[in-house]
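Q: Sharing protein.cif here; it has mmCIF, C-alpha atoms and all ligand atoms.
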data_entry
#
loop_
_atom_site.label_atom_id
_atom_site.label_comp_id
_atom_site.auth_asym_id
_atom_site.auth_seq_id
_atom_site.Cartn_x
_atom_site.Cartn_y
_atom_site.Cartn_z
CA MET O 1 -126.96 -53.23 -4.73
CA SER O 2 -124.34 -56.01 -4.57
CA THR O 3 -124.78 -59.22 -6.54
CA ARG O 4 -125.31 -61.07 -3.28
CA GLU O 5 -128.11 -58.71 -2.23
CA GLN O 6 -129.65 -59.11 -5.67
CA ASP O 7 -129.46 -62.91 -5.35
CA LEU O 8 -131.09 -62.69 -1.93
CA GLN O 9 -133.91 -60.56 -3.33
CA GLU O 10 -134.40 -62.95 -6.22
CA ILE O 11 -134.63 -65.96 -3.98
CA ARG O 12 -137.08 -64.12 -1.70
CA ALA O 13 -139.29 -63.33 -4.70
CA ALA O 14 -139.10 -66.92 -5.98
CA VAL O 15 -140.03 -68.35 -2.58
CA GLY O 16 -142.94 -65.91 -2.33
CA LYS O 17 -144.13 -67.09 -5.75
CA LEU O 18 -143.93 -70.75 -4.75
CA CYS O 19 -145.81 -70.08 -1.51
CA ALA O 20 -148.59 -68.28 -3.38
CA ASP O 21 -149.67 -71.74 -4.60
CA TYR O 22 -150.35 -72.66 -0.96
CA PRO O 23 -152.81 -70.03 0.26
CA GLY O 24 -154.69 -69.68 3.55
CA GLU O 25 -157.33 -72.29 2.56
CA TYR O 26 -154.58 -74.91 2.18
CA TRP O 27 -153.12 -74.27 5.65
CA ARG O 28 -156.54 -73.95 7.25
CA ALA O 29 -157.63 -77.36 5.95
CA LEU O 30 -154.41 -78.95 7.20
CA ASP O 31 -154.77 -77.25 10.55
CA ARG O 32 -158.31 -78.55 10.94
CA GLU O 33 -157.21 -82.11 10.18
CA ARG O 34 -153.78 -81.85 11.82
CA ARG O 35 -152.28 -83.06 8.56
CA TYR O 36 -148.68 -82.71 7.36
CA PRO O 37 -148.15 -80.32 4.38
CA THR O 38 -146.62 -83.04 2.18
CA GLU O 39 -147.22 -81.19 -1.10
CA PHE O 40 -145.73 -77.94 0.18
CA VAL O 41 -142.67 -79.67 1.60
CA ARG O 42 -142.17 -81.54 -1.68
CA ALA O 43 -142.34 -78.27 -3.61
CA LEU O 44 -139.74 -76.60 -1.35
CA THR O 45 -137.52 -79.69 -1.60
CA GLU O 46 -137.75 -79.93 -5.38
CA ALA O 47 -136.92 -76.24 -5.71
CA GLY O 48 -133.72 -77.01 -3.80
CA TYR O 49 -134.49 -74.53 -1.01
CA LEU O 50 -133.90 -76.98 1.81
CA SER O 51 -130.33 -77.80 0.77
CA CYS O 52 -128.91 -74.31 1.34
CA LEU O 53 -126.64 -75.31 4.19
CA ILE O 54 -125.24 -78.41 2.47
CA PRO O 55 -122.00 -77.60 0.62
CA GLU O 56 -121.96 -78.13 -3.14
CA GLN O 57 -119.43 -80.96 -2.82
CA TYR O 58 -122.13 -82.96 -1.01
CA GLY O 59 -124.88 -82.10 -3.46
CA GLY O 60 -126.38 -79.04 -1.76
CA SER O 61 -126.63 -75.50 -3.07
CA GLY O 62 -124.15 -74.28 -0.44
CA LEU O 63 -125.79 -70.88 -0.43
CA GLY O 64 -125.37 -70.50 3.32
CA LEU O 65 -127.26 -69.26 6.32
CA SER O 66 -128.37 -65.83 5.03
CA PHE O 67 -130.13 -67.52 2.14
CA ALA O 68 -131.67 -70.16 4.39
CA ALA O 69 -132.90 -67.38 6.69
CA ALA O 70 -134.32 -65.41 3.76
CA ILE O 71 -136.15 -68.50 2.49
CA LEU O 72 -137.74 -69.29 5.84
CA GLU O 73 -138.64 -65.64 6.48
CA GLU O 74 -140.48 -65.50 3.14
CA VAL O 75 -142.25 -68.80 3.85
CA GLN O 76 -143.64 -67.38 7.09
CA ALA O 77 -144.37 -63.94 5.62
CA SER O 78 -146.56 -65.66 3.00
CA GLY O 79 -148.75 -67.14 5.75
CA ALA O 80 -147.29 -70.65 5.41
CA ASN O 81 -145.68 -72.64 8.19
CA GLY O 82 -142.05 -73.63 7.65
CA ALA O 83 -141.95 -75.58 10.92
CA ALA O 84 -143.04 -78.61 8.91
CA THR O 85 -139.64 -78.76 7.32
CA HIS O 86 -137.16 -76.17 8.63
CA ALA O 87 -135.24 -78.91 10.44
CA GLN O 88 -134.37 -80.59 7.13
CA MET O 89 -132.14 -77.56 6.59
CA TYR O 90 -130.18 -77.53 9.81
CA ILE O 91 -130.23 -80.90 11.65
CA MET O 92 -127.69 -82.26 9.17
CA GLY O 93 -125.22 -79.62 10.47
CA THR O 94 -124.12 -82.05 13.21
CA LEU O 95 -123.32 -84.66 10.57
CA LEU O 96 -121.59 -82.09 8.39
CA ARG O 97 -119.39 -80.76 11.19
CA HIS O 98 -118.66 -83.95 13.11
CA GLY O 99 -119.38 -86.92 10.82
CA THR O 100 -116.71 -88.95 9.03
CA GLU O 101 -116.14 -88.41 5.32
CA ALA O 102 -117.82 -91.78 4.65
CA GLN O 103 -120.92 -90.76 6.66
CA LYS O 104 -121.11 -87.42 4.88
CA ARG O 105 -120.82 -89.05 1.45
CA ALA O 106 -123.42 -91.66 2.38
CA TYR O 107 -126.07 -89.27 3.67
CA LEU O 108 -125.64 -85.64 2.67
CA PRO O 109 -126.28 -85.94 -1.10
CA LYS O 110 -129.52 -87.83 -0.40
CA ILE O 111 -130.56 -85.31 2.24
CA ALA O 112 -129.86 -82.54 -0.28
CA THR O 113 -132.26 -84.04 -2.83
CA GLY O 114 -134.83 -84.94 -0.19
CA GLU O 115 -134.49 -88.66 -0.95
CA LEU O 116 -133.63 -88.95 2.74
CA ARG O 117 -135.46 -86.78 5.23
CA LEU O 118 -133.42 -85.94 8.31
CA GLN O 119 -135.85 -83.74 10.16
CA ALA O 120 -136.39 -85.49 13.49
CA PHE O 121 -134.32 -84.30 16.41
CA GLY O 122 -134.52 -86.41 19.57
CA VAL O 123 -133.16 -84.35 22.46
CA THR O 124 -135.98 -83.34 24.83
CA GLU O 125 -137.22 -85.89 27.36
CA PRO O 126 -140.25 -85.74 29.66
CA THR O 127 -138.30 -85.72 32.92
CA ALA O 128 -135.22 -83.76 31.83
CA GLY O 129 -136.89 -80.81 30.11
CA THR O 130 -134.49 -77.94 29.54
CA ASP O 131 -131.86 -79.67 31.69
CA THR O 132 -130.45 -81.73 28.82
CA ALA O 133 -127.66 -83.23 30.94
CA SER O 134 -130.36 -85.11 32.89
CA ILE O 135 -131.58 -87.16 29.94
CA ARG O 136 -132.20 -90.81 30.76
CA THR O 137 -132.18 -92.41 27.33
CA THR O 138 -129.19 -94.74 27.23
CA ALA O 139 -127.16 -96.27 24.43
CA VAL O 140 -125.05 -99.24 25.52
CA ARG O 141 -122.39 -100.68 23.25
CA ARG O 142 -122.83 -104.39 22.44
CA GLY O 143 -120.34 -105.54 19.81
CA ASP O 144 -120.90 -103.57 16.65
CA GLN O 145 -124.19 -102.09 17.85
CA TYR O 146 -125.55 -99.72 20.46
CA ILE O 147 -128.72 -100.79 22.26
CA VAL O 148 -130.95 -97.82 22.97
CA ASN O 149 -133.57 -97.64 25.73
CA GLY O 150 -135.59 -94.67 26.88
CA GLN O 151 -138.03 -92.06 25.69
CA LYS O 152 -138.08 -88.69 23.95
CA VAL O 153 -140.89 -86.17 23.83
CA TRP O 154 -141.75 -83.41 21.36
CA THR O 155 -139.86 -85.20 18.62
CA SER O 156 -141.39 -83.21 15.81
CA ARG O 157 -141.87 -84.60 12.29
CA ALA O 158 -140.77 -88.11 13.39
CA GLU O 159 -143.51 -89.63 11.25
CA HIS O 160 -142.30 -87.62 8.28
CA SER O 161 -138.62 -88.33 8.56
CA ASP O 162 -136.41 -91.23 7.52
CA LEU O 163 -133.62 -90.44 9.94
CA MET O 164 -133.44 -89.09 13.46
CA LEU O 165 -130.55 -87.35 15.15
CA LEU O 166 -130.63 -88.82 18.64
CA LEU O 167 -128.87 -87.73 21.83
CA ALA O 168 -128.41 -90.53 24.36
CA ARG O 169 -126.28 -91.23 27.42
CA THR O 170 -123.38 -93.59 26.76
CA THR O 171 -121.83 -93.03 30.20
CA PRO O 172 -124.03 -92.74 33.30
CA ARG O 173 -124.17 -89.17 34.59
CA ASP O 174 -122.57 -90.11 37.95
CA GLN O 175 -119.61 -91.74 36.17
CA ALA O 176 -118.95 -88.84 33.77
CA ALA O 177 -116.27 -86.27 34.65
CA LYS O 178 -118.78 -83.50 33.96
CA LYS O 179 -122.53 -83.82 33.71
CA THR O 180 -122.39 -82.64 30.09
CA ASP O 181 -119.89 -85.41 29.24
CA GLY O 182 -120.94 -88.95 28.45
CA MET O 183 -123.71 -88.17 25.95
CA SER O 184 -123.43 -89.23 22.31
CA VAL O 185 -125.16 -88.45 19.05
CA PHE O 186 -126.48 -91.12 16.69
CA LEU O 187 -128.04 -91.11 13.29
CA VAL O 188 -130.98 -93.48 13.65
CA ASP O 189 -132.51 -95.04 10.56
CA MET O 190 -136.14 -94.89 11.66
CA ARG O 191 -137.34 -96.92 8.69
CA ALA O 192 -135.31 -99.89 9.91
CA ALA O 193 -136.08 -99.32 13.59
CA LEU O 194 -139.85 -98.83 13.41
CA GLY O 195 -141.45 -101.91 14.91
CA HIS O 196 -137.99 -103.12 15.99
CA GLY O 197 -137.67 -101.26 19.26
CA LEU O 198 -138.92 -97.88 18.05
CA THR O 199 -142.49 -96.70 18.66
CA ILE O 200 -143.79 -93.29 17.63
CA ARG O 201 -146.93 -91.76 19.15
CA PRO O 202 -148.34 -88.48 17.84
CA ILE O 203 -149.14 -85.74 20.37
CA ARG O 204 -152.14 -83.60 19.53
CA THR O 205 -151.29 -79.96 20.17
CA MET O 206 -152.82 -76.49 19.82
CA ILE O 207 -151.01 -76.11 16.50
CA ASN O 208 -150.53 -78.36 13.48
CA HIS O 209 -146.95 -79.42 14.20
CA SER O 210 -146.72 -83.20 13.65
CA THR O 211 -144.98 -83.59 16.97
CA THR O 212 -144.65 -86.96 18.71
CA GLU O 213 -143.28 -88.90 21.61
CA VAL O 214 -140.93 -91.75 20.78
CA PHE O 215 -140.08 -94.83 22.77
CA PHE O 216 -136.94 -96.95 22.50
CA ASP O 217 -137.13 -100.53 23.71
CA ASN O 218 -133.82 -102.28 23.01
CA MET O 219 -133.54 -100.47 19.69
CA ALA O 220 -130.32 -101.52 17.93
CA VAL O 221 -128.29 -98.82 16.18
CA PRO O 222 -125.18 -99.85 14.20
CA ALA O 223 -122.03 -98.51 15.87
CA GLU O 224 -121.06 -96.93 12.55
CA ASN O 225 -124.01 -94.54 13.03
CA LEU O 226 -122.33 -92.84 15.98
CA ILE O 227 -121.48 -89.28 14.98
CA GLY O 228 -118.06 -88.04 16.10
CA ALA O 229 -116.50 -89.25 19.32
CA GLU O 230 -118.46 -91.15 21.95
CA GLY O 231 -119.27 -88.95 24.95
CA ARG O 232 -119.02 -85.60 23.16
CA GLY O 233 -122.58 -85.43 21.85
CA PHE O 234 -123.75 -82.58 24.05
CA ARG O 235 -121.09 -80.28 22.56
CA TYR O 236 -122.02 -81.35 19.04
CA ILE O 237 -125.68 -80.53 19.68
CA LEU O 238 -124.73 -77.15 21.17
CA ASP O 239 -122.67 -76.40 18.05
CA GLY O 240 -125.78 -76.69 15.93
CA MET O 241 -127.94 -74.49 18.06
CA ASN O 242 -126.77 -71.14 16.73
CA ALA O 243 -127.92 -71.99 13.21
CA GLU O 244 -131.23 -73.29 14.53
CA ARG O 245 -131.84 -70.16 16.61
CA ILE O 246 -131.00 -67.81 13.77
CA LEU O 247 -133.32 -69.63 11.39
CA ILE O 248 -136.19 -69.71 13.88
CA ALA O 249 -135.59 -65.98 14.43
CA ALA O 250 -135.89 -65.41 10.67
CA GLU O 251 -139.18 -67.30 10.72
CA CYS O 252 -140.44 -65.06 13.51
CA VAL O 253 -139.51 -61.97 11.49
CA GLY O 254 -141.54 -63.48 8.64
CA ASP O 255 -144.49 -64.09 10.94
CA ALA O 256 -144.30 -60.51 12.23
CA ARG O 257 -144.30 -59.23 8.65
CA TRP O 258 -147.40 -61.31 7.88
CA PHE O 259 -149.28 -59.97 10.94
CA ILE O 260 -148.29 -56.37 10.17
CA GLU O 261 -149.36 -56.62 6.53
CA LYS O 262 -152.63 -58.30 7.47
CA ALA O 263 -153.38 -55.69 10.17
CA LYS O 264 -152.44 -52.78 7.92
CA ASN O 265 -154.74 -53.94 5.14
CA TYR O 266 -157.62 -54.58 7.52
CA ALA O 267 -157.13 -51.22 9.24
CA VAL O 268 -157.57 -49.49 5.89
CA GLU O 269 -160.55 -51.59 4.73
CA ARG O 270 -162.58 -51.77 7.92
CA LYS O 271 -164.91 -48.83 8.39
CA VAL O 272 -166.44 -48.11 11.81
CA PHE O 273 -168.09 -44.83 12.80
CA GLY O 274 -168.00 -43.97 9.11
CA ARG O 275 -164.19 -44.07 8.72
CA ALA O 276 -161.31 -46.51 8.44
CA ILE O 277 -160.28 -47.85 11.83
CA GLY O 278 -156.67 -47.25 10.70
CA GLN O 279 -157.35 -43.51 10.94
CA ASN O 280 -157.35 -43.87 14.73
CA GLN O 281 -153.97 -43.55 16.37
CA GLY O 282 -155.09 -46.22 18.83
CA ILE O 283 -154.98 -48.61 15.87
CA GLN O 284 -152.04 -47.05 13.96
CA PHE O 285 -149.56 -46.88 16.81
CA PRO O 286 -149.57 -50.57 17.76
CA ILE O 287 -149.00 -51.39 14.07
CA ALA O 288 -146.11 -48.90 13.92
CA ARG O 289 -144.65 -50.30 17.16
CA ALA O 290 -144.87 -53.85 15.85
CA TYR O 291 -143.15 -52.73 12.65
CA MET O 292 -140.28 -51.14 14.63
CA ALA O 293 -139.82 -54.26 16.73
CA MET O 294 -139.81 -56.45 13.62
CA ARG O 295 -137.21 -54.28 11.85
CA ALA O 296 -134.96 -54.22 14.93
CA ALA O 297 -135.16 -58.00 15.25
CA ALA O 298 -134.43 -58.41 11.53
CA LEU O 299 -131.22 -56.40 11.99
CA MET O 300 -130.11 -58.73 14.77
CA VAL O 301 -130.87 -61.75 12.55
CA GLU O 302 -128.75 -60.18 9.82
CA LYS O 303 -125.90 -59.53 12.26
CA ALA O 304 -126.04 -63.07 13.62
CA CYS O 305 -126.04 -64.52 10.06
CA ASP O 306 -123.05 -62.38 9.16
CA LEU O 307 -121.02 -63.52 12.18
CA TYR O 308 -122.00 -67.15 11.61
CA GLU O 309 -121.05 -67.07 7.95
CA HIS O 310 -117.66 -65.56 8.80
CA GLY O 311 -117.03 -68.35 11.31
CA ARG O 312 -117.02 -65.90 14.22
CA PRO O 313 -118.59 -66.52 17.65
CA CYS O 314 -122.29 -65.67 17.44
CA GLY O 315 -123.89 -67.31 20.49
CA ALA O 316 -125.02 -64.01 21.98
CA GLU O 317 -126.34 -62.64 18.69
CA ALA O 318 -128.09 -65.92 17.77
CA ASN O 319 -129.83 -65.99 21.15
CA MET O 320 -130.73 -62.30 21.05
CA ALA O 321 -132.02 -62.62 17.48
CA LYS O 322 -134.21 -65.54 18.50
CA GLN O 323 -135.61 -63.76 21.55
CA LEU O 324 -136.14 -60.36 19.91
CA ALA O 325 -137.75 -61.91 16.86
CA ALA O 326 -139.99 -64.21 18.91
CA GLU O 327 -141.09 -61.20 20.97
CA ALA O 328 -141.63 -59.13 17.83
CA SER O 329 -143.77 -61.83 16.21
CA TRP O 330 -145.81 -62.25 19.39
CA GLN O 331 -146.28 -58.48 19.72
CA ALA O 332 -147.38 -58.33 16.07
CA ALA O 333 -149.70 -61.32 16.57
CA ASP O 334 -151.41 -59.69 19.52
CA MET O 335 -151.67 -56.39 17.69
CA CYS O 336 -153.17 -58.15 14.65
CA MET O 337 -155.78 -59.87 16.82
CA GLN O 338 -156.74 -56.55 18.38
CA THR O 339 -156.88 -54.75 15.03
CA HIS O 340 -159.25 -57.38 13.65
CA GLY O 341 -161.63 -57.18 16.60
CA GLY O 342 -164.11 -60.07 16.64
CA PHE O 343 -163.14 -61.22 13.16
CA ALA O 344 -159.71 -62.18 14.49
CA PHE O 345 -161.45 -65.24 15.94
CA ALA O 346 -162.91 -66.36 12.62
CA GLU O 347 -160.78 -69.13 11.13
CA GLU O 348 -161.12 -67.79 7.60
CA TYR O 349 -158.92 -64.78 8.42
CA ASP O 350 -155.98 -67.03 9.38
CA VAL O 351 -155.09 -64.63 12.20
CA GLU O 352 -156.00 -67.02 15.00
CA ARG O 353 -154.05 -69.84 13.32
CA LYS O 354 -150.89 -67.77 12.90
CA PHE O 355 -151.39 -66.39 16.44
CA ARG O 356 -151.32 -69.93 17.83
CA GLU O 357 -148.41 -70.97 15.63
CA THR O 358 -146.11 -68.07 16.46
CA ARG O 359 -146.63 -68.49 20.21
CA LEU O 360 -144.48 -71.61 20.06
CA TYR O 361 -141.30 -69.61 19.64
CA GLN O 362 -141.44 -68.22 23.15
CA ILE O 363 -140.98 -71.83 24.30
CA ALA O 364 -139.22 -73.89 21.62
CA PRO O 365 -136.57 -74.60 20.60
CA ILE O 366 -135.47 -72.74 23.71
CA SER O 367 -137.67 -70.90 26.17
CA THR O 368 -137.26 -67.18 26.81
CA ASN O 369 -135.94 -67.60 30.37
CA LEU O 370 -133.09 -69.76 29.17
CA VAL O 371 -132.04 -67.18 26.58
CA LEU O 372 -132.06 -64.52 29.31
CA SER O 373 -130.04 -66.79 31.61
CA TYR O 374 -127.50 -67.35 28.83
CA LEU O 375 -127.05 -63.62 28.29
CA ALA O 376 -126.94 -62.87 32.02
CA GLU O 377 -124.29 -65.48 32.67
CA HIS O 378 -122.19 -65.71 29.51
CA VAL O 379 -122.37 -62.15 28.22
CA LEU O 380 -122.89 -60.05 31.34
CA GLY O 381 -120.88 -62.22 33.74
CA LEU O 382 -123.66 -62.54 36.33
CA PRO O 383 -123.61 -65.58 38.64
CA ARG O 384 -124.99 -68.83 37.20
CA SER O 385 -128.59 -69.24 38.34
CA TYR O 386 -129.02 -72.98 37.87
C1 LIG F 1 -144.47 -78.04 19.51
C2 LIG F 1 -143.11 -78.36 20.07
C3 LIG F 1 -142.14 -78.91 19.24
C4 LIG F 1 -140.91 -79.27 19.74
N1 LIG F 1 -140.00 -79.91 18.93
C5 LIG F 1 -138.89 -80.48 19.49
C6 LIG F 1 -138.05 -81.34 18.71
O1 LIG F 1 -138.27 -81.56 17.52
N2 LIG F 1 -137.00 -81.93 19.34
C7 LIG F 1 -136.72 -81.74 20.66
O2 LIG F 1 -135.75 -82.30 21.16
N3 LIG F 1 -137.49 -80.90 21.41
C8 LIG F 1 -138.57 -80.29 20.85
N4 LIG F 1 -139.39 -79.47 21.61
C9 LIG F 1 -139.08 -79.30 23.03
C10 LIG F 1 -138.69 -77.88 23.38
O3 LIG F 1 -137.39 -77.62 22.96
C11 LIG F 1 -138.88 -77.75 24.89
O4 LIG F 1 -140.28 -77.79 25.15
C12 LIG F 1 -138.31 -76.50 25.43
O5 LIG F 1 -136.90 -76.53 25.31
C13 LIG F 1 -138.67 -76.29 26.90
O6 LIG F 1 -138.45 -77.48 27.63
P1 LIG F 1 -139.64 -78.08 28.55
O7 LIG F 1 -140.88 -78.10 27.74
O8 LIG F 1 -139.20 -79.37 29.11
O9 LIG F 1 -139.79 -77.02 29.68
P2 LIG F 1 -139.14 -77.07 31.14
O10 LIG F 1 -137.67 -77.29 31.05
O11 LIG F 1 -139.95 -77.99 31.98
O12 LIG F 1 -139.40 -75.57 31.61
C14 LIG F 1 -140.70 -75.09 31.94
C15 LIG F 1 -140.62 -73.60 32.19
O13 LIG F 1 -139.71 -73.35 33.26
C16 LIG F 1 -138.70 -72.44 32.83
N5 LIG F 1 -137.42 -72.80 33.46
C17 LIG F 1 -136.85 -74.03 33.57
N6 LIG F 1 -135.66 -73.94 34.18
C18 LIG F 1 -135.46 -72.63 34.45
C19 LIG F 1 -134.40 -71.88 35.07
N7 LIG F 1 -133.31 -72.47 35.53
N8 LIG F 1 -134.55 -70.53 35.17
C20 LIG F 1 -135.67 -69.92 34.73
N9 LIG F 1 -136.70 -70.56 34.15
C21 LIG F 1 -136.58 -71.90 34.00
C22 LIG F 1 -138.63 -72.57 31.31
O14 LIG F 1 -138.14 -71.39 30.73
C23 LIG F 1 -140.09 -72.83 30.97
O15 LIG F 1 -140.77 -71.60 30.85
C24 LIG F 1 -140.61 -79.04 21.10
C25 LIG F 1 -141.58 -78.45 21.93
C26 LIG F 1 -142.81 -78.14 21.44
C27 LIG F 1 -143.85 -77.56 22.37
#
Just dump the structure as structure tokens.
Ligand SMILES: Cc1cc2nc3c(=O)[nH]c(=O)nc-3n(C[C@H](O)[C@H](O)[C@H](O)COP(=O)(O)OP(=O)(O)OC[C@H]3O[C@@H](n4cnc5c(N)ncnc54)[C@H](O)[C@@H]3O)c2cc1C
A:
Amino acid sequence: MSTREQDLQEIRAAVGKLCADYPGEYWRALDRERRYPTEFVRALTEAGYLSCLIPEQYGGSGLGLSFAAAILEEVQASGANGAATHAQMYIMGTLLRHGTEAQKRAYLPKIATGELRLQAFGVTEPTAGTDTASIRTTAVRRGDQYIVNGQKVWTSRAEHSDLMLLLARTTPRDQAAKKTDGMSVFLVDMRAALGHGLTIRPIRTMINHSTTEVFFDNMAVPAENLIGAEGRGFRYILDGMNAERILIAAECVGDARWFIEKAKNYAVERKVFGRAIGQNQGIQFPIARAYMAMRAAALMVEKACDLYEHGRPCGAEANMAKQLAAEASWQAADMCMQTHGGFAFAEEYDVERKFRETRLYQIAPISTNLVLSYLAEHVLGLPRSY
């Protein structure tokens, strides 16, 4: 085994150990109250796990995407929910790739220690949906400020974040050369803006996700908080999507592992008709199928990480990893429900909670149809469908 593989194994074991302090009861209580896992997030932050993608020169561990993926996979495989904080790992990528040196020095070291939380990502809007170029939130330059008006929806963790990465139109769509031009990215200091043009409203959902809708009413953002060049924000956001997709895929692999382990154990323990239900091929085969799907998805995650870390194009692999892993976790979730019979519905088994949680990844951060459209058009050369 190479030193790198050994390091990966060690970090996996250490994450598993940390997560053992946050068992099912912890997540169940939070789920019931729709409460944010502050203690868990603090523990991950203090252990330095969330700074993997921040280079050492800016105070991070610089371990890279494979390590970030391994960490999030282990979080999910332990039964925890990394969605509370996974964005702290990757949202800063836009700042890292496109920010000025002064911006990077001002923010990245504090993001690395967790002193600043950058885990709110304001892209989706109620009327635009997947069609990001149709966003209506505007940022208009007035002197040394931009004045922001509009609304975002599904802005997760906004109440648990100090900063938000915001995509807004700086040139009206009908005046831009292309519909994807004329959008810009800003780093919004939500602490300063709250009550001064920024309103956050939680959305209660079927999972404990701390998601919100946010409203901008003449919210002033200093011009120095523009990231990169005005009008190129859509490209900057796209640049960050591969890392996001790969990490979400790793989480889905972790979820699938959790469901498979849970189902396997139950299939051995549960006796019906005087024998373990796991003796029946009708129970064994779905577990074996889920295992195969999980392993195949994990290989695609590994491939995508490898390409990403070598700076090679990985759009197809990142999308395929996300889709295959989300399908594998959903297949495993359904199998785990079925294996548990009626007890799958009892909260104390955690199966129904994880079942609800993993369903999200068919829809966010990108829905399955859009991944298929991407592959059809950009990889297979089929005509654009929208
Ligand atoms: C819990 C949660 C957390 C989220 N967190 C964030 C966040 O932090 N930040 C953020 O910006 N967004 C976030 N999102 C938004 C998420 O990225 C979007 O919900 C997702 O991209 C889908 O967009 P939509 O909901 O507007 O669906 P729509 O765009 O309205 O699509 C609805 C359905 O139609 C399908 N569809 C649409 N167009 C086509 C087409 N051309 N061909 C085929 N099918 C099509 C879609 O696949 C989907 O199944 C979150 C969403 C949820 C539910």
Q: Given a cut-off of 8 Å, what residues near ligand LIG 1 (chain F) show up using all atoms listed in the file, put as a ChimeraX atom specification?
A: /O:120-131,152-157,205,207,209,211,360,363-370,373,385-386
Q: Check the smallest atom-to-atom distance from each of O:Thr45, O:Thr94, O:Ser184, O:Thr212 to Gly82 (chain O) using only C-alpha atoms, then report the winner.
A: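 Counting only C-alpha atoms, the residue closest to Gly82 (chain O) is O:Thr45.
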Q: Write out as a VMD selection string each polymer residue whose atoms come within 10 Å of Arg289 (chain O), counting all atoms listed in the file; drop sequence neighbours fewer than 2 positions from it.
A: chain O and resid 260 284 to 287 291 to 295 328 331 to 332 335
Q: Can you measure CA of Leu198 (chain O) to CA of Leu108 (chain O) for me? One decimal in Å is fine.
A: 23.7 Å
Q: Do you know which residues lie at most 7 Å from (-142.6, -94.1, 20.1), with coordinates as in the file and all atoms listed in the file counted, and could you write them as a list of chain:residue names?
A: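 So the residues meeting the distance criterion are O:Leu198, O:Thr199, O:Ile200, O:Arg201, O:Glu213, O:Val214, O:Phe215, O:Phe216.
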